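Chemist: Sending over coords12.csv (CSV, C-alpha atoms and all ligand atoms).
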```csv
chain,number,residue,atom,x,y,z
A,3,MET,CA,23.8,25.6,-11.4
A,4,LYS,CA,23.4,22.2,-9.8
A,5,ARG,CA,20.9,20.0,-11.6
A,6,ILE,CA,19.0,17.4,-9.6
A,7,ALA,CA,16.8,14.5,-10.7
A,8,ILE,CA,14.5,12.8,-8.2
A,9,PHE,CA,13.4,9.1,-8.4
A,10,ALA,CA,10.1,8.3,-6.6
A,11,SER,CA,7.8,5.2,-6.7
A,12,GLY,CA,4.9,6.5,-4.7
A,13,SER,CA,3.2,9.6,-3.3
A,14,GLY,CA,6.1,11.9,-3.8
A,15,SER,CA,5.7,14.1,-0.7
A,16,ASN,CA,9.5,14.3,-0.3
A,17,ALA,CA,10.0,15.0,-4.0
A,18,GLU,CA,7.5,17.9,-3.7
A,19,ARG,CA,9.1,19.1,-0.4
A,20,ILE,CA,12.5,19.2,-2.0
A,21,SER,CA,11.2,20.9,-5.1
A,22,THR,CA,9.5,23.7,-3.2
A,23,TYR,CA,12.5,24.1,-0.9
A,24,PHE,CA,14.7,24.9,-3.8
A,25,ALA,CA,12.1,26.8,-5.9
A,26,GLU,CA,13.6,30.2,-5.2
A,27,ASN,CA,17.2,29.0,-5.2
A,28,GLN,CA,18.8,30.2,-8.4
A,29,SER,CA,21.8,27.8,-8.2
A,30,VAL,CA,19.7,24.6,-7.8
A,31,SER,CA,17.3,23.2,-10.3
A,32,ILE,CA,15.0,20.2,-10.0
A,33,GLU,CA,15.1,19.0,-13.6
A,34,PHE,CA,12.7,16.1,-13.6
A,35,PHE,CA,11.2,13.3,-11.6
A,36,LEU,CA,11.6,9.7,-12.6
A,37,SER,CA,9.2,6.9,-11.6
A,38,ASN,CA,8.8,3.2,-12.2
A,39,ASN,CA,5.1,3.5,-11.4
A,40,PRO,CA,2.7,5.0,-14.0
A,41,THR,CA,0.1,5.7,-11.3
A,42,ALA,CA,2.4,7.2,-8.7
A,43,GLY,CA,1.2,10.3,-6.9
A,44,VAL,CA,4.5,12.0,-7.7
A,45,ILE,CA,3.4,12.4,-11.3
A,46,GLU,CA,0.4,14.6,-10.4
A,47,ARG,CA,2.6,16.5,-7.9
A,48,GLY,CA,5.1,17.1,-10.8
A,49,ARG,CA,2.3,18.3,-13.0
A,50,ARG,CA,1.2,20.8,-10.4
A,51,LEU,CA,4.8,22.0,-9.8
A,52,GLY,CA,5.7,22.2,-13.5
A,53,ILE,CA,8.2,19.4,-13.2
A,54,PRO,CA,8.1,16.6,-15.9
A,55,THR,CA,8.1,12.9,-14.8
A,56,VAL,CA,9.9,10.3,-16.8
A,57,ILE,CA,8.3,6.8,-16.5
A,58,PHE,CA,10.3,3.7,-17.2
A,59,ASP,CA,9.9,-0.1,-16.9
A,60,LYS,CA,12.1,-2.7,-15.1
A,61,LYS,CA,13.9,-3.8,-18.2
A,62,THR,CA,14.8,-0.3,-19.3
A,63,PHE,CA,16.1,0.5,-15.8
A,64,SER,CA,18.0,-2.6,-14.9
A,65,LYS,CA,19.2,-4.0,-18.3
A,66,THR,CA,19.9,-1.0,-20.4
A,67,ASP,CA,21.9,2.3,-20.2
A,68,LYS,CA,18.9,4.4,-21.2
A,69,ILE,CA,18.4,6.0,-17.8
A,70,VAL,CA,22.2,6.6,-17.2
A,71,ASN,CA,22.3,8.2,-20.7
A,72,LEU,CA,19.3,10.4,-19.9
A,73,LEU,CA,20.8,11.6,-16.7
A,74,GLN,CA,24.2,12.2,-18.3
A,75,ASN,CA,22.7,13.9,-21.4
A,76,GLN,CA,20.7,16.2,-19.1
A,77,GLU,CA,24.0,16.9,-17.1
A,78,ILE,CA,22.4,15.8,-13.8
A,79,ASP,CA,24.8,16.5,-10.9
A,80,LEU,CA,22.9,14.8,-8.1
A,81,VAL,CA,20.4,12.0,-8.1
A,82,ILE,CA,17.9,11.8,-5.2
A,83,LEU,CA,15.9,8.7,-4.2
A,84,ALA,CA,12.8,9.8,-2.4
A,85,GLY,CA,10.7,6.7,-1.8
A,86,PHE,CA,12.2,4.8,-4.8
A,87,LEU,CA,11.8,1.1,-4.3
A,88,TRP,CA,14.0,-0.6,-6.9
A,89,LEU,CA,17.6,-1.6,-6.4
A,90,ILE,CA,19.9,0.8,-8.3
A,91,PRO,CA,21.8,-1.1,-11.0
A,92,GLU,CA,25.6,-1.1,-11.1
A,93,ASN,CA,25.8,1.0,-14.3
A,94,LEU,CA,24.0,3.8,-12.5
A,95,VAL,CA,26.0,3.6,-9.3
A,96,LYS,CA,29.2,3.6,-11.3
A,97,ALA,CA,28.1,6.6,-13.4
A,98,PHE,CA,27.2,8.7,-10.4
A,99,PRO,CA,29.7,7.8,-7.6
A,100,ASN,CA,28.7,9.5,-4.3
A,101,LYS,CA,26.1,11.4,-6.3
A,102,ILE,CA,23.1,9.2,-5.5
A,103,ILE,CA,21.4,9.9,-2.2
A,104,ASN,CA,18.6,7.9,-0.6
A,105,ILE,CA,16.3,8.5,2.4
A,106,HIS,CA,15.3,5.5,4.5
A,107,PRO,CA,12.5,5.7,7.1
A,108,ALA,CA,14.3,4.1,10.0
A,109,LEU,CA,17.6,4.2,11.8
A,110,LEU,CA,19.9,2.1,9.6
A,111,PRO,CA,21.5,-0.5,9.9
A,112,LYS,CA,18.3,-1.5,11.6
A,113,TYR,CA,15.2,-2.2,9.5
A,114,GLY,CA,16.9,-2.0,6.1
A,115,GLY,CA,17.4,-4.3,3.2
A,116,LYS,CA,15.1,-5.8,0.5
A,117,GLY,CA,11.4,-5.6,1.3
A,118,MET,CA,12.0,-3.0,4.0
A,119,TRP,CA,10.2,0.0,2.7
A,120,GLY,CA,7.4,2.3,3.8
A,121,HIS,CA,4.8,0.7,6.1
A,122,PHE,CA,6.7,-2.6,6.4
A,123,VAL,CA,9.5,-0.7,8.2
A,124,HIS,CA,7.1,1.0,10.6
A,125,GLU,CA,5.3,-2.3,11.3
A,126,ALA,CA,8.6,-4.0,12.1
A,127,VAL,CA,9.6,-1.1,14.4
A,128,VAL,CA,6.3,-1.3,16.4
A,129,GLU,CA,6.5,-5.1,16.5
A,130,ALA,CA,10.0,-4.9,18.0
A,131,GLY,CA,8.8,-2.4,20.7
A,132,GLU,CA,11.4,0.1,19.7
A,133,LYS,CA,11.5,3.3,21.9
A,134,GLU,CA,12.7,5.4,19.0
A,135,SER,CA,12.8,5.5,15.2
A,136,GLY,CA,13.9,8.1,12.7
A,137,ILE,CA,15.4,8.7,9.3
A,138,THR,CA,18.7,7.8,7.6
A,139,ILE,CA,20.0,9.8,4.6
A,140,HIS,CA,22.9,7.9,2.9
A,141,TYR,CA,24.9,7.4,-0.2
A,142,VAL,CA,23.7,4.6,-2.5
A,143,ASN,CA,25.7,1.6,-3.6
A,144,GLU,CA,24.7,-1.6,-5.3
A,145,HIS,CA,23.1,-3.1,-2.1
A,146,TYR,CA,19.9,-2.0,-0.5
A,147,ASP,CA,20.4,0.5,2.3
A,148,GLU,CA,24.1,-0.1,2.8
A,149,GLY,CA,25.9,3.0,1.5
A,150,LYS,CA,27.7,5.4,3.8
A,151,VAL,CA,25.4,7.2,6.2
A,152,ILE,CA,25.3,11.0,5.8
A,153,PHE,CA,22.7,12.0,8.4
A,154,GLN,CA,20.3,10.5,10.9
A,155,ALA,CA,17.6,12.1,13.0
A,156,THR,CA,15.5,10.4,15.6
A,157,CYS,CA,12.0,10.6,17.0
A,158,GLU,CA,10.7,9.1,20.3
A,159,LEU,CA,8.1,6.4,20.2
A,160,VAL,CA,5.5,5.6,22.9
A,161,PRO,CA,4.0,2.1,23.5
A,162,THR,CA,0.7,3.2,22.1
A,163,ASP,CA,2.1,4.3,18.7
A,164,THR,CA,0.7,2.4,15.8
A,165,PRO,CA,2.7,2.0,12.5
A,166,ASP,CA,0.7,4.9,11.1
A,167,ASP,CA,1.7,7.1,14.1
A,168,VAL,CA,5.4,6.1,13.5
A,169,ALA,CA,5.0,6.9,9.8
A,170,ARG,CA,3.7,10.4,10.7
A,171,LYS,CA,6.6,11.1,13.1
A,172,VAL,CA,9.1,9.8,10.6
A,173,GLN,CA,7.6,11.7,7.6
A,174,ALA,CA,7.8,15.0,9.6
A,175,LEU,CA,11.5,14.4,10.1
A,176,GLU,CA,12.0,13.6,6.4
A,177,HIS,CA,10.2,16.8,5.3
A,178,ILE,CA,12.3,18.9,7.7
A,179,HIS,CA,15.7,17.5,7.1
A,180,PHE,CA,16.0,16.0,3.6
A,181,PRO,CA,16.1,19.3,1.7
A,182,VAL,CA,18.5,20.8,4.2
A,183,VAL,CA,20.8,17.8,4.0
A,184,ILE,CA,20.7,17.9,0.2
A,185,GLU,CA,21.6,21.6,0.3
A,186,SER,CA,24.6,20.9,2.5
A,187,ILE,CA,25.8,18.1,0.2
A,188,ILE,CA,25.6,20.5,-2.8
A,189,ALA,CA,27.6,23.1,-0.9
A,190,GLU,CA,30.4,20.5,-0.3
A,191,GLN,CA,30.6,19.4,-3.9
B,201,LIG,C1,9.4,7.8,2.6
B,201,LIG,O1,9.1,7.6,4.0
B,201,LIG,C2,10.8,7.2,2.4
B,201,LIG,O2,11.7,7.3,3.5
B,201,LIG,C3,10.4,5.8,2.1
B,201,LIG,O3,9.3,5.9,1.3
B,201,LIG,C4,8.5,7.0,1.7
B,201,LIG,C5,8.1,7.8,0.5
B,201,LIG,O4,7.2,8.8,0.8
B,201,LIG,N1,11.5,5.1,1.4
B,201,LIG,C6,11.7,3.8,1.6
B,201,LIG,O5,11.0,3.1,2.4
B,201,LIG,C7,12.9,3.2,0.9
B,201,LIG,N2,13.3,2.0,1.4
B,201,LIG,P1,6.8,10.0,-0.2
B,201,LIG,O6,6.5,9.3,-1.5
B,201,LIG,O7,5.6,10.6,0.4
B,201,LIG,O8,8.0,10.9,-0.4
```
Please go through the file and, once you have read it, give me the structure as C-alpha cells.
Ligand code: GAR
Modeler:
Amino acid sequence: MKRIAIFASGSGSNAERISTYFAENQSVSIEFFLSNNPTAGVIERGRRLGIPTVIFDKKTFSKTDKIVNLLQNQEIDLVILAGFLWLIPENLVKAFPNKIINIHPALLPKYGGKGMWGHFVHEAVVEAGEKESGITIHYVNEHYDEGKVIFQATCELVPTDTPDDVARKVQALEHIHFPVVIESIIAEQ
C-alpha cells in the first residue's frame, strides 16, 4: 500500500481529482490533506470525500519538525503539492528525498519562482503574448519551482485568450495528467 498526503492552499480541485482517481485502487491510499489556509476549499472537498485535513500555521511548518514527524508517523510514501503556496522547508525536503511532487501551472523554467502562482502565472503568460502554456510536474527541492522536471504537457493559446481562459485550459491539463503521472511515479518506486 502506498500512502499519499496532499498539501493544498486553495480550492483543492486537483486534490479532489487525485483522490477520486485512486478511490477504487486498493494499493494507493490518500491518507489526508494538509493546508495552511483554514478557509481553503480543499477542506470542504475533504469532508465530502471522507478525507481529513490537517491545518497548520507558518511557524509550525517552517520552524518545527511537527509536519515531518506527522508524515513519518503516518508512514507517508509520497507527498503531493496540489496548489500549495509556501516554500517547502529543508527538513521536509531532506526527510522525503524525491518523494515530494509539485504541479506548476506553466511550462517551467518560464513563469516560475516566488510569487508566481495561480492567476499571476496566467496573467504573465497573456501579457507576454505566449502562443502556448501548459503544466509542469516536478520533484521539489528547497527552491521554488526548481526541482527536476518529471512531465510537461502543453496547450495552445490564441491572441484573444484572457488569463481566465488560460487558467481553464491549464486546469483541464492538470486534471487529466496529474493523477496519471502520480500513478506512474508510484509504479517506479
Ligand atoms: C493549480 O493550477 C496549480 O497548478 C497551482 O495552483 C492551482 C491550484 O488549483 N499551483 C501553483 O500555482 C503553484 N505555484 P486547485 O486548488 O483547484 O487544485
Chemist: Which residues come within 9 Å of A:Ser21, counting only C-alpha atoms, excluding same-chain residues fewer than 3 positions away, as a compact mmCIF listing (two decimals) with C-alpha atoms, keeping the file's coordinate frame?
Modeler:
```
# COMPACT_ATOMS: atom_id res chain seq x y z
CA ASN A 16 9.50 14.30 -0.30
CA ALA A 17 10.00 15.00 -4.00
CA GLU A 18 7.50 17.90 -3.70
CA PHE A 24 14.70 24.90 -3.80
CA ALA A 25 12.10 26.80 -5.90
CA SER A 31 17.30 23.20 -10.30
CA ILE A 32 15.00 20.20 -10.00
CA LEU A 51 4.80 22.00 -9.80
CA ILE A 53 8.20 19.40 -13.20
CA PRO A 181 16.10 19.30 1.70
```
Chemist: List the neighbours of stretch 155-169 of chain A out to 8 Å using only C-alpha atoms; skip same-chain residues closer than 5 positions along the sequence, and give me the result as a ChimeraX atom specification.
Modeler: /A:109,120-121,124-125,127-128,131-138,175
Chemist: Would you put the residues from that selection into a file with C-alpha atoms, as an mmCIF file, keeping the file's coordinate frame?
Modeler:
```cif
data_model
loop_
_atom_site.group_PDB
_atom_site.id
_atom_site.type_symbol
_atom_site.label_atom_id
_atom_site.label_comp_id
_atom_site.auth_asym_id
_atom_site.auth_seq_id
_atom_site.Cartn_x
_atom_site.Cartn_y
_atom_site.Cartn_z
ATOM 1 C CA LEU A 109 17.600 4.200 11.800
ATOM 2 C CA GLY A 120 7.400 2.300 3.800
ATOM 3 C CA HIS A 121 4.800 0.700 6.100
ATOM 4 C CA HIS A 124 7.100 1.000 10.600
ATOM 5 C CA GLU A 125 5.300 -2.300 11.300
ATOM 6 C CA VAL A 127 9.600 -1.100 14.400
ATOM 7 C CA VAL A 128 6.300 -1.300 16.400
ATOM 8 C CA GLY A 131 8.800 -2.400 20.700
ATOM 9 C CA GLU A 132 11.400 0.100 19.700
ATOM 10 C CA LYS A 133 11.500 3.300 21.900
ATOM 11 C CA GLU A 134 12.700 5.400 19.000
ATOM 12 C CA SER A 135 12.800 5.500 15.200
ATOM 13 C CA GLY A 136 13.900 8.100 12.700
ATOM 14 C CA ILE A 137 15.400 8.700 9.300
ATOM 15 C CA THR A 138 18.700 7.800 7.600
ATOM 16 C CA LEU A 175 11.500 14.400 10.100
#
```
Chemist: Enumerate, as a list in words, the protein, DNA and RNA residues whose atoms approach (13.7, -2.7, 11.6) to within 8 Å, taking into account all atoms listed in the file and the coordinate frame of the file.
Modeler: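 The residues near that point, listed by chain and number, are Ala108, Leu109, Lys112, Tyr113, Gly114, Met118, Val123, His124, Ala126, Val127 and Ala130 of chain A.
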Chemist: Counting all atoms listed in the file, name the residues that have an atom within 7 Å of an atom of ligand LIG 201 (chain B); the answer should be given as a VMD selection string.
Modeler: chain A and resid 10 to 17 84 to 87 105 to 107 118 to 120 172 to 173 176
Chemist: For A:Asn93, which residue among A:Leu110, A:Ala189, A:Ile69, A:Val44 is the nearest when counting all atoms listed in the file?
Modeler: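 Among the listed residues, A:Ile69 lies closest to A:Asn93.
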Chemist: In Å, rounded to a single decimal, give me how far atom CA of A:Val151 is from atom CA of A:Asn27.
Modeler: 25.9 Å
Chemist: In Å to one decimal, how far is atom CA of A:His140 from atom CA of A:Ile152?
Modeler: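 These atoms are spaced 4.9 Å apart.
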Chemist: Rank A:His179, A:Arg170, A:Lys101, A:Lys96 by their smallest atom-to-atom distance to A:Ile139, using all atoms listed in the file, and report the top residue only.
Modeler: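 For A:Ile139, the nearest of the given residues is A:His179.
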Chemist: Smallest atom-to-atom distance to A:Trp88: which of A:Asp147, A:Glu129, A:Glu185, A:Glu33, using all atoms listed in the file?
Modeler: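 Comparing A:Asp147, A:Glu129, A:Glu185, A:Glu33 against A:Trp88, the winner is A:Asp147.
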Chemist: Between A:Thr22, A:Ala7, A:Val183, A:Arg50, which one has atoms that come closest to A:Val70, using only C-alpha atoms?
Modeler: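 Counting only C-alpha atoms, the residue closest to A:Val70 is A:Ala7.
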Chemist: Counting all atoms listed in the file, figure out which residue out of A:Ala97, A:Ala174, A:Ile90, A:Ile188 gets nearest to A:Lys60.
Modeler: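 Nearest to A:Lys60: A:Ile90.
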Chemist: Between A:Ile102, A:Met3, A:Leu89, A:Val95, single out the one closest to A:Ile187, counting all atoms listed in the file.
Modeler: A:Ile102
Chemist: Find the residues around A:Phe9 up to 6 Å (only C-alpha atoms counted), leave out those fewer than 2 positions away in its own chain, and share them as number ranges by chain.
Modeler: A: 35-37, 83, 86
Chemist: Write out as JSON, numbers by chain which residues come within 9 Å of A:Glu92 when counting all atoms listed in the file, dropping same-chain ones fewer than 6 positions away.
Modeler: {"A": [64, 143, 144]}
Chemist: Kindly complete stretch 63-74 of chain A to all heavy atoms; the output should be written as a PDB file, in the coordinates of the input.
Modeler:
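Once written, selection_1.pdb looks like this:
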```
ATOM      1  N   PHE A  63      15.291   0.024 -16.947  1.00  0.00           N
ATOM      2  CA  PHE A  63      16.100   0.500 -15.800  1.00  0.00           C
ATOM      3  C   PHE A  63      17.234  -0.403 -15.477  1.00  0.00           C
ATOM      4  O   PHE A  63      18.355   0.073 -15.268  1.00  0.00           O
ATOM      5  CB  PHE A  63      15.133   0.614 -14.590  1.00  0.00           C
ATOM      6  CG  PHE A  63      15.784   1.227 -13.381  1.00  0.00           C
ATOM      7  CD1 PHE A  63      16.285   2.520 -13.429  1.00  0.00           C
ATOM      8  CD2 PHE A  63      15.884   0.518 -12.194  1.00  0.00           C
ATOM      9  CE1 PHE A  63      16.883   3.102 -12.326  1.00  0.00           C
ATOM     10  CE2 PHE A  63      16.479   1.083 -11.081  1.00  0.00           C
ATOM     11  CZ  PHE A  63      16.975   2.377 -11.145  1.00  0.00           C
ATOM     12  N   SER A  64      16.968  -1.706 -15.437  1.00  0.00           N
ATOM     13  CA  SER A  64      18.000  -2.600 -14.900  1.00  0.00           C
ATOM     14  C   SER A  64      18.873  -3.230 -15.978  1.00  0.00           C
ATOM     15  O   SER A  64      19.977  -3.675 -15.677  1.00  0.00           O
ATOM     16  CB  SER A  64      17.277  -3.800 -14.188  1.00  0.00           C
ATOM     17  OG  SER A  64      16.493  -3.306 -13.140  1.00  0.00           O
ATOM     18  N   LYS A  65      18.411  -3.250 -17.226  1.00  0.00           N
ATOM     19  CA  LYS A  65      19.200  -4.000 -18.300  1.00  0.00           C
ATOM     20  C   LYS A  65      19.682  -3.117 -19.396  1.00  0.00           C
ATOM     21  O   LYS A  65      20.255  -3.637 -20.346  1.00  0.00           O
ATOM     22  CB  LYS A  65      18.255  -5.083 -18.875  1.00  0.00           C
ATOM     23  CG  LYS A  65      17.685  -6.051 -17.858  1.00  0.00           C
ATOM     24  CD  LYS A  65      18.606  -7.238 -17.611  1.00  0.00           C
ATOM     25  CE  LYS A  65      17.956  -8.254 -16.691  1.00  0.00           C
ATOM     26  NZ  LYS A  65      18.686  -8.472 -15.457  1.00  0.00           N
ATOM     27  N   THR A  66      19.432  -1.815 -19.352  1.00  0.00           N
ATOM     28  CA  THR A  66      19.900  -1.000 -20.400  1.00  0.00           C
ATOM     29  C   THR A  66      20.630   0.270 -19.814  1.00  0.00           C
ATOM     30  O   THR A  66      20.544   0.512 -18.604  1.00  0.00           O
ATOM     31  CB  THR A  66      18.817  -0.441 -21.359  1.00  0.00           C
ATOM     32  OG1 THR A  66      18.094   0.602 -20.672  1.00  0.00           O
ATOM     33  CG2 THR A  66      17.846  -1.543 -21.749  1.00  0.00           C
ATOM     34  N   ASP A  67      21.299   1.047 -20.686  1.00  0.00           N
ATOM     35  CA  ASP A  67      21.900   2.300 -20.200  1.00  0.00           C
ATOM     36  C   ASP A  67      21.053   3.508 -20.447  1.00  0.00           C
ATOM     37  O   ASP A  67      21.509   4.645 -20.310  1.00  0.00           O
ATOM     38  CB  ASP A  67      23.269   2.484 -20.986  1.00  0.00           C
ATOM     39  CG  ASP A  67      24.340   1.516 -20.502  1.00  0.00           C
ATOM     40  OD1 ASP A  67      24.350   1.196 -19.297  1.00  0.00           O
ATOM     41  OD2 ASP A  67      25.144   1.067 -21.337  1.00  0.00           O
ATOM     42  N   LYS A  68      19.795   3.288 -20.796  1.00  0.00           N
ATOM     43  CA  LYS A  68      18.900   4.400 -21.200  1.00  0.00           C
ATOM     44  C   LYS A  68      18.800   5.484 -20.082  1.00  0.00           C
ATOM     45  O   LYS A  68      18.853   6.676 -20.352  1.00  0.00           O
ATOM     46  CB  LYS A  68      17.553   3.929 -21.603  1.00  0.00           C
ATOM     47  CG  LYS A  68      17.539   3.378 -23.012  1.00  0.00           C
ATOM     48  CD  LYS A  68      16.127   3.077 -23.466  1.00  0.00           C
ATOM     49  CE  LYS A  68      16.190   2.424 -24.844  1.00  0.00           C
ATOM     50  NZ  LYS A  68      14.982   1.673 -25.162  1.00  0.00           N
ATOM     51  N   ILE A  69      18.613   5.017 -18.848  1.00  0.00           N
ATOM     52  CA  ILE A  69      18.400   6.000 -17.800  1.00  0.00           C
ATOM     53  C   ILE A  69      19.730   6.703 -17.445  1.00  0.00           C
ATOM     54  O   ILE A  69      19.753   7.925 -17.243  1.00  0.00           O
ATOM     55  CB  ILE A  69      17.826   5.290 -16.505  1.00  0.00           C
ATOM     56  CG1 ILE A  69      16.448   4.686 -16.816  1.00  0.00           C
ATOM     57  CG2 ILE A  69      17.745   6.252 -15.326  1.00  0.00           C
ATOM     58  CD1 ILE A  69      15.371   5.679 -17.227  1.00  0.00           C
ATOM     59  N   VAL A  70      20.837   5.946 -17.451  1.00  0.00           N
ATOM     60  CA  VAL A  70      22.200   6.600 -17.200  1.00  0.00           C
ATOM     61  C   VAL A  70      22.391   7.619 -18.330  1.00  0.00           C
ATOM     62  O   VAL A  70      22.798   8.758 -18.039  1.00  0.00           O
ATOM     63  CB  VAL A  70      23.277   5.509 -17.272  1.00  0.00           C
ATOM     64  CG1 VAL A  70      24.644   6.172 -17.253  1.00  0.00           C
ATOM     65  CG2 VAL A  70      23.146   4.560 -16.090  1.00  0.00           C
ATOM     66  N   ASN A  71      22.114   7.244 -19.579  1.00  0.00           N
ATOM     67  CA  ASN A  71      22.300   8.200 -20.700  1.00  0.00           C
ATOM     68  C   ASN A  71      21.468   9.432 -20.541  1.00  0.00           C
ATOM     69  O   ASN A  71      21.929  10.551 -20.775  1.00  0.00           O
ATOM     70  CB  ASN A  71      22.017   7.501 -22.032  1.00  0.00           C
ATOM     71  CG  ASN A  71      23.030   6.412 -22.345  1.00  0.00           C
ATOM     72  OD1 ASN A  71      24.115   6.380 -21.765  1.00  0.00           O
ATOM     73  ND2 ASN A  71      22.672   5.508 -23.241  1.00  0.00           N
ATOM     74  N   LEU A  72      20.222   9.221 -20.138  1.00  0.00           N
ATOM     75  CA  LEU A  72      19.300  10.400 -19.900  1.00  0.00           C
ATOM     76  C   LEU A  72      19.880  11.320 -18.893  1.00  0.00           C
ATOM     77  O   LEU A  72      19.953  12.539 -19.106  1.00  0.00           O
ATOM     78  CB  LEU A  72      17.937   9.855 -19.500  1.00  0.00           C
ATOM     79  CG  LEU A  72      16.946  10.917 -19.026  1.00  0.00           C
ATOM     80  CD1 LEU A  72      16.459  11.761 -20.190  1.00  0.00           C
ATOM     81  CD2 LEU A  72      15.752  10.275 -18.325  1.00  0.00           C
ATOM     82  N   LEU A  73      20.296  10.760 -17.758  1.00  0.00           N
ATOM     83  CA  LEU A  73      20.800  11.600 -16.700  1.00  0.00           C
ATOM     84  C   LEU A  73      22.088  12.314 -17.100  1.00  0.00           C
ATOM     85  O   LEU A  73      22.289  13.496 -16.783  1.00  0.00           O
ATOM     86  CB  LEU A  73      21.085  10.732 -15.425  1.00  0.00           C
ATOM     87  CG  LEU A  73      19.849  10.080 -14.783  1.00  0.00           C
ATOM     88  CD1 LEU A  73      20.268   9.044 -13.743  1.00  0.00           C
ATOM     89  CD2 LEU A  73      18.944  11.128 -14.143  1.00  0.00           C
ATOM     90  N   GLN A  74      22.949  11.614 -17.845  1.00  0.00           N
ATOM     91  CA  GLN A  74      24.200  12.200 -18.300  1.00  0.00           C
ATOM     92  C   GLN A  74      23.926  13.289 -19.373  1.00  0.00           C
ATOM     93  O   GLN A  74      24.496  14.379 -19.334  1.00  0.00           O
ATOM     94  CB  GLN A  74      25.174  11.172 -18.787  1.00  0.00           C
ATOM     95  CG  GLN A  74      25.737  10.354 -17.624  1.00  0.00           C
ATOM     96  CD  GLN A  74      26.678   9.247 -18.048  1.00  0.00           C
ATOM     97  OE1 GLN A  74      26.573   8.714 -19.154  1.00  0.00           O
ATOM     98  NE2 GLN A  74      27.593   8.875 -17.158  1.00  0.00           N
TER      99      GLN A  74
END
```
